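S.K.: Please read through the structure below; I'll follow up with questions.
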There are 2 protein chains.
Amino acid sequence: MQITLKDIARMAGVAESTVSRALNDKPGVGKETRLKILKIAKENNYRPNQLARGLAAKKTNMIAVILAEMDSPGNIEIVKSIEKAAEKRGYQIILCNTNNQEDKEESYLSLLESNQVDGAIFIGGKLVGSHLLKASFSQDNRIVLVNRLAEENFFTSVLTDYSQGLYKAVEHLLKENFKKIALVCGNRDNLVEEEKISGYKNALRDSGLEVNEELIFSTANNRQAGYNVFLEIIEGDVIPDSFISTRELTTIGLVEAIKMGGYFIPDDFAVVGYGDNILTSVIDPPLTVLGEPVEKLGKSSLEFLLELINEKMDSQQIKVLTPELIIRESSISKYN
Amino acid sequence: MQITLKDIARMAGVAESTVSRALNDKPGVGKETRLKILKIAKENNYRPNQLARGLAAKKTNMIAVILAEMDSPGNIEIVKSIEKAAEKRGYQIILCNTNNQEDKEESYLSLLESNQVDGAIFIGGKLVGSHLLKASFSQDNRIVLVNRLAEENFFTSVLTDYSQGLYKAVEHLLKENFKKIALVCGNRDNLVEEEKISGYKNALRDSGLEVNEELIFSTANNRQAGYNVFLEIIEGDVIPDSFISTRELTTIGLVEAIKMGGYFIPDDFAVVGYGDNILTSVIDPPLTVLGEPVEKLGKSSLEFLLELINEKMDSQQIKVLTPELIIRESSISKYN
DNA sequence: GCAATTTACGCAAGCGCTTGCGAAACGCTG
DNA sequence: CAGCGTTTCGCAAGCGCTTGCGTAAATTGC
């Protein structure tokens, strides 16, 4: 049997409440008593039952990180950053993978509803913009969204500035003399994809070019989808000379399809990918990418969440971080 | 305020215990009463407080998956497989990343000690073979190890048969006429690395070749380490004609270093990597690998753990799964 | 139609902890 | 040394749930 507070209290000859206060660094315990209790607890390798503690204190010091895509290296980096920040603040994270399934997003939310965690961070995901609003979470102030925007800003978000990122990417490709730039974005089931499109369009317009809607594609974030979208594109009416692909895994598939088709990058098609990670750097040729500010995304989201939990901040804040264009071989025109 | 069991009981005009039994599908509740309670609970969107439930029932239906390396795609696949299996059995997993830090392994173990989870699965990690033994976990029967073996088999393990895998890999390279095969394995802080080495040695010996210890290397599992180990190797006394690299990330770095050095794969050096995942398949050239049985590793480990938890199995079982050699370009000799 | 089962439900204790409140003990001032 | 404020500590309630046990009601058998 596990050793409990009561046991420690008995051994120390004091009340449970005193032990509790001593162990939690709370005032109201004499120095000597405290030391004695600490010693006994240590000697007996006492571990507080976190369930009981959470139940009584209505606080668990755990937060859920609900992740839509565990395959994306960028997401993993965000998680690691959250974890690092959480550790500093005395919180533990529990990672929940939803595989982009809405029902799993919902089921993991029950961790919040059932008080197992003090707050939750969503990285990506679908649910976030829609159902959630209807549900009782609409003014729940223990939720932070990463790279997702809720309608009417119901939740606090930490975002990559996709609009500006895409703007930069288009600018870069234009400067390299690519004129027909295809945009491959994610499924348009969330607001950030519209951001990407708007950045893309703005950049074209500001350069006096017109937007061809036929060059804008949406697809799921996986290798196969990226592969397929290329096949679809080269059979279309308008053949681009370059791609901006905004999801990590899609990008990989796209590049594979290009090469499989016997085309060369960047000679036949230039490619700008997304996410400065092992995948995009290892693939041949190394990809020019919009580097996601993963470190900051993670850190900021955790900090926002803690402020929300501790009621030092109102809901509905939004923080926007700028991605950086990292230029590698895949987008450098030979003719420059 | 959250709605509680008591509230439901009041609304339904029954005792809390009846509500509890109704909601948990336990016998002792009349059909009508049960239906009525279920209805009321549903209407009020009742969510049981899992902390209270866990405290009272001494069971949380959560298990911790303690992961040493979150960057490795193979590990992620294992996690996904565990998750899938867990869902079927009504368990939720919480993922804990240790980044190979022993102290974090220890701190996550407190999830077990403090009753927040019913069991734990370790994927990789250091602690597992050593400290843990000394600690009070030595006969804890709620722990399963993946790809790790505890000394004297203190824990139940699910293992890849590295010995056999390496044997196959060596055989393959020999058949392709590579004679001086270097082995790059992980840090020798755990028993499975010895398995690899023994498989490697056996295969050589069985082919009548002698083992050159200078061709056996150990390194951490990351890109940089793989890069460095190649630099070290080509400056050594014995230059190999091929590599078997048994860690995913190391392998990537190794390949990069080979290419960076102006060498060609497989012409100058053949490479057999580890793990049939996006990284090894996307890199140029696609790598021959020992495909880890990730799906089975995950599923088996979860099933073992549940059997342990439910006391249907004694501790100290071991299951060994065979990796499959997946032959791609990186190890095919031009001269065959 | 009555005793013997079975079924349905309530009571209350208890899981291990936190915390508000009051009592006791202490030190200080004048 | 009386009177005061502090500090230290114990008491007990309570967090929301589960579960063993007891009793009343429903069911069965003959």
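Each chain in the structure tokens gets a letter, A, B and so on, in the order shown; residues start at 1 in every chain, and ligands are counted from 1 in the order they appear.
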Got a sec to tell me which of range 175-321 of chain B DSSP assigns to alpha helix (DSSP H), as a ChimeraX atom specification?
M.R.: /B:175,191-206,223-234,248-260,278-282,294-309
S.K.: What's around range 2-16 of chain D at 8 Å? Count only C-alpha atoms (C1' of nucleotides), leave out sequence neighbours fewer than 3 positions away in its own chain, and write the answer as a ChimeraX atom specification.
M.R.: /A:15,17-18,28-30,55-58 /B:4-5,49,52-53 /C:25-26
S.K.: Check which residues of chain B sit at most 10 Å from chain A using only C-alpha atoms, and return one row each with the closest pair of atoms and their distance in Å to one decimal, ordered by chain and rising number, as a tab-separated table.
M.R.:
residue	atom	partner	partner_atom	distance
B:Gln2	CA	A:Glu113	CA	8.2
B:Asn45	CA	A:Ser136	CA	9.4
B:Tyr46	CA	A:Glu113	CA	9.3
B:Arg47	CA	A:Ser114	CA	6.0
B:Pro48	CA	A:Ser114	CA	6.0
B:Asn49	CA	A:Ser114	CA	4.4
B:Gln50	CA	A:Ser114	CA	5.5
B:Leu51	CA	A:Leu51	CA	5.1
B:Ala52	CA	A:Leu55	CA	6.1
B:Arg53	CA	A:Leu51	CA	8.9
B:Gly54	CA	A:Leu51	CA	6.8
B:Leu55	CA	A:Leu51	CA	5.8
B:Ala56	CA	A:Ala52	CA	9.2
B:Lys58	CA	A:Leu51	CA	9.6
B:Thr60	CA	A:Leu51	CA	9.4
B:Ala64	CA	A:Ile94	CA	9.0
B:Val65	CA	A:Leu95	CA	9.7
B:Met70	CA	A:Ile76	CA	7.3
B:Asp71	CA	A:Ile76	CA	7.3
B:Ser72	CA	A:Pro73	CA	9.5
B:Pro73	CA	A:Asp71	CA	7.3
B:Ile76	CA	A:Met70	CA	7.3
B:Glu77	CA	A:Asp71	CA	8.5
B:Val79	CA	A:Asn97	CA	9.4
B:Lys80	CA	A:Asn97	CA	8.1
B:Glu83	CA	A:Asn97	CA	8.4
B:Gln92	CA	A:Cys96	CA	8.9
B:Ile93	CA	A:Cys96	CA	7.5
B:Ile94	CA	A:Ile94	CA	5.2
B:Leu95	CA	A:Leu95	CA	4.9
B:Cys96	CA	A:Ile94	CA	6.5
B:Asn97	CA	A:Lys80	CA	8.1
B:Thr98	CA	A:Lys80	CA	9.8
B:Asn99	CA	A:Lys80	CA	9.0
B:Ser107	CA	A:Gln92	CA	9.8
B:Tyr108	CA	A:Gln92	CA	8.9
B:Ser110	CA	A:Arg47	CA	7.6
B:Leu111	CA	A:Gln50	CA	8.2
B:Leu112	CA	A:Asn49	CA	9.8
B:Glu113	CA	A:Arg47	CA	6.7
B:Ser114	CA	A:Asn49	CA	4.5
B:Asn115	CA	A:Asn49	CA	6.1
B:Gln116	CA	A:Leu51	CA	6.3
B:Val117	CA	A:Leu51	CA	9.8
B:Ser136	CA	A:Asn45	CA	9.5
B:Arg223	CA	A:Ile278	CA	8.9
B:Leu249	CA	A:Ile278	CA	9.4
B:Ile252	CA	A:Val282	CA	7.9
B:Gly253	CA	A:Val282	CA	9.3
B:Val255	CA	A:Val282	CA	9.7
B:Glu256	CA	A:Val282	CA	8.0
B:Ile278	CA	A:Leu279	CA	8.2
B:Leu279	CA	A:Leu279	CA	6.6
B:Thr280	CA	A:Val282	CA	9.7
B:Ser281	CA	A:Ile283	CA	9.7
B:Val282	CA	A:Ile283	CA	6.0
B:Ile283	CA	A:Ile283	CA	5.4
B:Asp284	CA	A:Asp284	CA	6.4
B:Pro285	CA	A:Asp284	CA	9.1
S.K.: Compute the set of chain D residues within 12 Å of chain B, using only C-alpha atoms (C1' of nucleotides), and express it as an NGL selection string.
M.R.: :D and (15-20 or 26)
S.K.: May I have the residues from that selection written out with N, CA and C atoms (P, O5', C5', C4', C3', O3' and C1' of nucleotides), as a compact mmCIF listing (two decimals), in the first residue's frame?
M.R.:
# COMPACT_ATOMS: atom_id res chain seq x y z
P DC D 15 -18.27 19.90 -1.18
O5' DC D 15 -17.31 19.74 -2.44
C5' DC D 15 -16.15 20.53 -2.61
C4' DC D 15 -15.14 19.71 -3.36
C3' DC D 15 -15.75 18.62 -4.23
O3' DC D 15 -15.94 19.14 -5.54
C1' DC D 15 -13.83 17.82 -2.98
P DG D 16 -17.43 19.17 -6.15
O5' DG D 16 -17.57 17.72 -6.76
C5' DG D 16 -16.64 17.28 -7.72
C4' DG D 16 -16.69 15.78 -7.81
C3' DG D 16 -18.08 15.21 -8.10
O3' DG D 16 -17.94 14.31 -9.18
C1' DG D 16 -17.09 14.10 -6.28
P DC D 17 -19.14 13.52 -9.80
O5' DC D 17 -18.80 12.03 -9.30
C5' DC D 17 -17.71 11.36 -9.88
C4' DC D 17 -17.18 10.32 -8.92
C3' DC D 17 -17.97 9.03 -8.84
O3' DC D 17 -17.42 8.11 -9.79
C1' DC D 17 -17.14 9.72 -6.69
P DT D 18 -18.19 6.71 -10.02
O5' DT D 18 -17.68 5.84 -8.78
C5' DT D 18 -16.33 5.43 -8.74
C4' DT D 18 -16.13 4.50 -7.56
C3' DT D 18 -16.86 3.17 -7.65
O3' DT D 18 -15.95 2.17 -7.20
C1' DT D 18 -17.44 4.24 -5.62
P DT D 19 -16.15 0.65 -7.55
O5' DT D 19 -16.63 0.02 -6.17
C5' DT D 19 -16.02 0.46 -4.97
C4' DT D 19 -16.76 -0.14 -3.78
C3' DT D 19 -17.62 -1.36 -4.08
O3' DT D 19 -17.57 -2.22 -2.97
C1' DT D 19 -18.95 0.30 -3.12
P DG D 20 -17.60 -3.80 -3.20
O5' DG D 20 -17.85 -4.29 -1.70
C5' DG D 20 -17.09 -3.71 -0.63
C4' DG D 20 -17.93 -3.64 0.64
C3' DG D 20 -18.79 -4.87 0.90
O3' DG D 20 -18.83 -5.11 2.31
C1' DG D 20 -20.18 -2.97 0.67
P DA D 26 -43.19 -3.31 -5.43
O5' DA D 26 -42.56 -4.52 -6.25
C5' DA D 26 -41.42 -4.27 -7.08
C4' DA D 26 -40.85 -5.58 -7.56
C3' DA D 26 -41.87 -6.50 -8.24
O3' DA D 26 -41.31 -6.96 -9.45
C1' DA D 26 -40.76 -7.67 -6.50
S.K.: Taking only C-alpha atoms (C1' of nucleotides) into account, which residues of chain C are within 6 Å of chain A, as a PyMOL selection string?
M.R.: chain C and resi 16-18
S.K.: Considering only C-alpha atoms (C1' of nucleotides), return as an MDAnalysis selection string whatever protein or nucleic-acid residues lie within 9 Å of Ile197 in chain A, sequence-local ones (same chain, fewer than 3 positions apart) excluded.
M.R.: chainID A and resid 162:163 166 183 185 192:194 200:202 216
S.K.: Please provide as a PyMOL selection string all residues within 10 Å of Ala86 in chain A, with the sequence filter that same-chain residues fewer than 6 positions apart are discarded (counting only C-alpha atoms (C1' of nucleotides)).
M.R.: chain A and resi 61-63+80+92-93+298-299+302-303+306
S.K.: Could you write out that same residue set with N, CA and C atoms as a JSON list (two decimals), in the first residue's frame?
M.R.:
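As a result, again.json now contains:
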[["chain", "number", "residue", "atom", "x", "y", "z"],
["A", 61, "ASN", "N", -2.21, 21.18, -11.95],
["A", 61, "ASN", "CA", -0.91, 21.52, -12.51],
["A", 61, "ASN", "C", -0.56, 20.69, -13.74],
["A", 62, "MET", "N", -1.58, 20.23, -14.40],
["A", 62, "MET", "CA", -1.35, 19.55, -15.66],
["A", 62, "MET", "C", -2.14, 20.27, -16.75],
["A", 63, "ILE", "N", -1.55, 20.34, -17.90],
["A", 63, "ILE", "CA", -2.30, 20.88, -19.01],
["A", 63, "ILE", "C", -2.26, 19.91, -20.19],
["A", 80, "LYS", "N", 7.52, 20.39, -27.96],
["A", 80, "LYS", "CA", 8.72, 20.41, -27.13],
["A", 80, "LYS", "C", 8.93, 21.77, -26.48],
["A", 92, "GLN", "N", 2.98, 20.08, -15.77],
["A", 92, "GLN", "CA", 3.28, 18.94, -16.60],
["A", 92, "GLN", "C", 2.30, 18.92, -17.76],
["A", 93, "ILE", "N", 2.77, 18.51, -18.91],
["A", 93, "ILE", "CA", 1.82, 18.45, -20.01],
["A", 93, "ILE", "C", 1.46, 17.01, -20.31],
["A", 298, "GLY", "N", 5.22, 27.78, -29.28],
["A", 298, "GLY", "CA", 5.04, 26.93, -28.11],
["A", 298, "GLY", "C", 5.10, 27.72, -26.82],
["A", 299, "LYS", "N", 6.13, 28.51, -26.71],
["A", 299, "LYS", "CA", 6.34, 29.25, -25.48],
["A", 299, "LYS", "C", 5.19, 30.23, -25.21],
["A", 302, "LEU", "N", 1.89, 28.58, -24.12],
["A", 302, "LEU", "CA", 1.89, 28.14, -22.73],
["A", 302, "LEU", "C", 1.73, 29.32, -21.79],
["A", 303, "GLU", "N", 2.44, 30.38, -22.10],
["A", 303, "GLU", "CA", 2.36, 31.54, -21.22],
["A", 303, "GLU", "C", 0.97, 32.16, -21.22],
["A", 306, "LEU", "N", -1.29, 29.98, -19.10],
["A", 306, "LEU", "CA", -1.12, 30.13, -17.65],
["A", 306, "LEU", "C", -1.73, 31.44, -17.16]]
S.K.: Lys36 in chain A: which residues within 9 Å, counting only C-alpha atoms (C1' of nucleotides), same-chain residues fewer than 5 positions away excluded, as a VMD selection string?
M.R.: chain A and resid 12 31 41
S.K.: Could you find all residues in range 37-284 of chain A that DSSP calls strand (DSSP E) from the backbone, and write them as a ChimeraX atom specification?
M.R.: /A:62-67,92-97,119-123,143-146,156-160,181-186,216-219,242-245,270-274
S.K.: With C-alpha atoms kept, could you save the residues just selected as a PDB file, in the first residue's frame?
M.R.:
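What landed in selection24.pdb:
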ATOM      1  CA  MET A  62      -1.349  19.550 -15.659  1.00  0.00           C
ATOM      2  CA  ILE A  63      -2.302  20.881 -19.015  1.00  0.00           C
ATOM      3  CA  ALA A  64      -3.414  19.009 -22.072  1.00  0.00           C
ATOM      4  CA  VAL A  65      -1.755  19.609 -25.397  1.00  0.00           C
ATOM      5  CA  ILE A  66      -4.133  18.459 -28.062  1.00  0.00           C
ATOM      6  CA  LEU A  67      -2.328  17.778 -31.258  1.00  0.00           C
ATOM      7  CA  GLN A  92       3.281  18.941 -16.602  1.00  0.00           C
ATOM      8  CA  ILE A  93       1.819  18.455 -20.008  1.00  0.00           C
ATOM      9  CA  ILE A  94      -0.079  15.530 -21.297  1.00  0.00           C
ATOM     10  CA  LEU A  95      -0.008  15.063 -24.996  1.00  0.00           C
ATOM     11  CA  CYS A  96      -3.109  13.991 -26.813  1.00  0.00           C
ATOM     12  CA  ASN A  97      -3.021  13.005 -30.437  1.00  0.00           C
ATOM     13  CA  GLY A 119      -6.115  24.012 -19.294  1.00  0.00           C
ATOM     14  CA  ALA A 120      -5.641  22.925 -22.862  1.00  0.00           C
ATOM     15  CA  ILE A 121      -3.626  23.980 -25.857  1.00  0.00           C
ATOM     16  CA  PHE A 122      -4.812  23.013 -29.304  1.00  0.00           C
ATOM     17  CA  ILE A 123      -2.243  22.698 -32.021  1.00  0.00           C
ATOM     18  CA  ILE A 143      -8.028  27.133 -23.835  1.00  0.00           C
ATOM     19  CA  VAL A 144      -5.365  28.449 -26.179  1.00  0.00           C
ATOM     20  CA  LEU A 145      -5.219  27.807 -29.895  1.00  0.00           C
ATOM     21  CA  VAL A 146      -2.014  27.465 -31.856  1.00  0.00           C
ATOM     22  CA  THR A 156      -6.986  33.157 -27.281  1.00  0.00           C
ATOM     23  CA  SER A 157      -4.738  32.285 -30.189  1.00  0.00           C
ATOM     24  CA  VAL A 158      -1.082  32.239 -31.016  1.00  0.00           C
ATOM     25  CA  LEU A 159      -0.690  32.389 -34.732  1.00  0.00           C
ATOM     26  CA  THR A 160       1.845  32.284 -37.447  1.00  0.00           C
ATOM     27  CA  ILE A 181       2.859  30.340 -58.847  1.00  0.00           C
ATOM     28  CA  ALA A 182       0.580  27.599 -57.598  1.00  0.00           C
ATOM     29  CA  LEU A 183      -0.535  27.680 -53.994  1.00  0.00           C
ATOM     30  CA  VAL A 184      -1.137  24.404 -52.212  1.00  0.00           C
ATOM     31  CA  CYS A 185      -2.760  24.987 -48.887  1.00  0.00           C
ATOM     32  CA  GLY A 186      -4.441  22.770 -46.351  1.00  0.00           C
ATOM     33  CA  ILE A 216      -5.037  27.579 -55.719  1.00  0.00           C
ATOM     34  CA  PHE A 217      -5.371  24.101 -54.291  1.00  0.00           C
ATOM     35  CA  SER A 218      -6.472  22.605 -51.010  1.00  0.00           C
ATOM     36  CA  THR A 219      -5.495  19.263 -49.657  1.00  0.00           C
ATOM     37  CA  SER A 242       6.412  27.030 -59.199  1.00  0.00           C
ATOM     38  CA  PHE A 243       4.693  25.857 -56.039  1.00  0.00           C
ATOM     39  CA  ILE A 244       4.205  27.208 -52.616  1.00  0.00           C
ATOM     40  CA  SER A 245       3.168  24.323 -50.443  1.00  0.00           C
ATOM     41  CA  ALA A 270      10.394  25.807 -58.143  1.00  0.00           C
ATOM     42  CA  VAL A 271       9.166  24.807 -54.714  1.00  0.00           C
ATOM     43  CA  VAL A 272       8.742  26.756 -51.527  1.00  0.00           C
ATOM     44  CA  GLY A 273       7.725  24.526 -48.653  1.00  0.00           C
ATOM     45  CA  TYR A 274       6.685  25.121 -45.094  1.00  0.00           C
TER      46      TYR A 274
END
S.K.: So that I can see what lies close to DC30 in chain D, please list as a PyMOL selection string the residues with an atom at most 12 Å from it, counting only C-alpha atoms (C1' of nucleotides) and leaving out residues fewer than 5 positions away in the same chain.
M.R.: chain C and resi 1-4
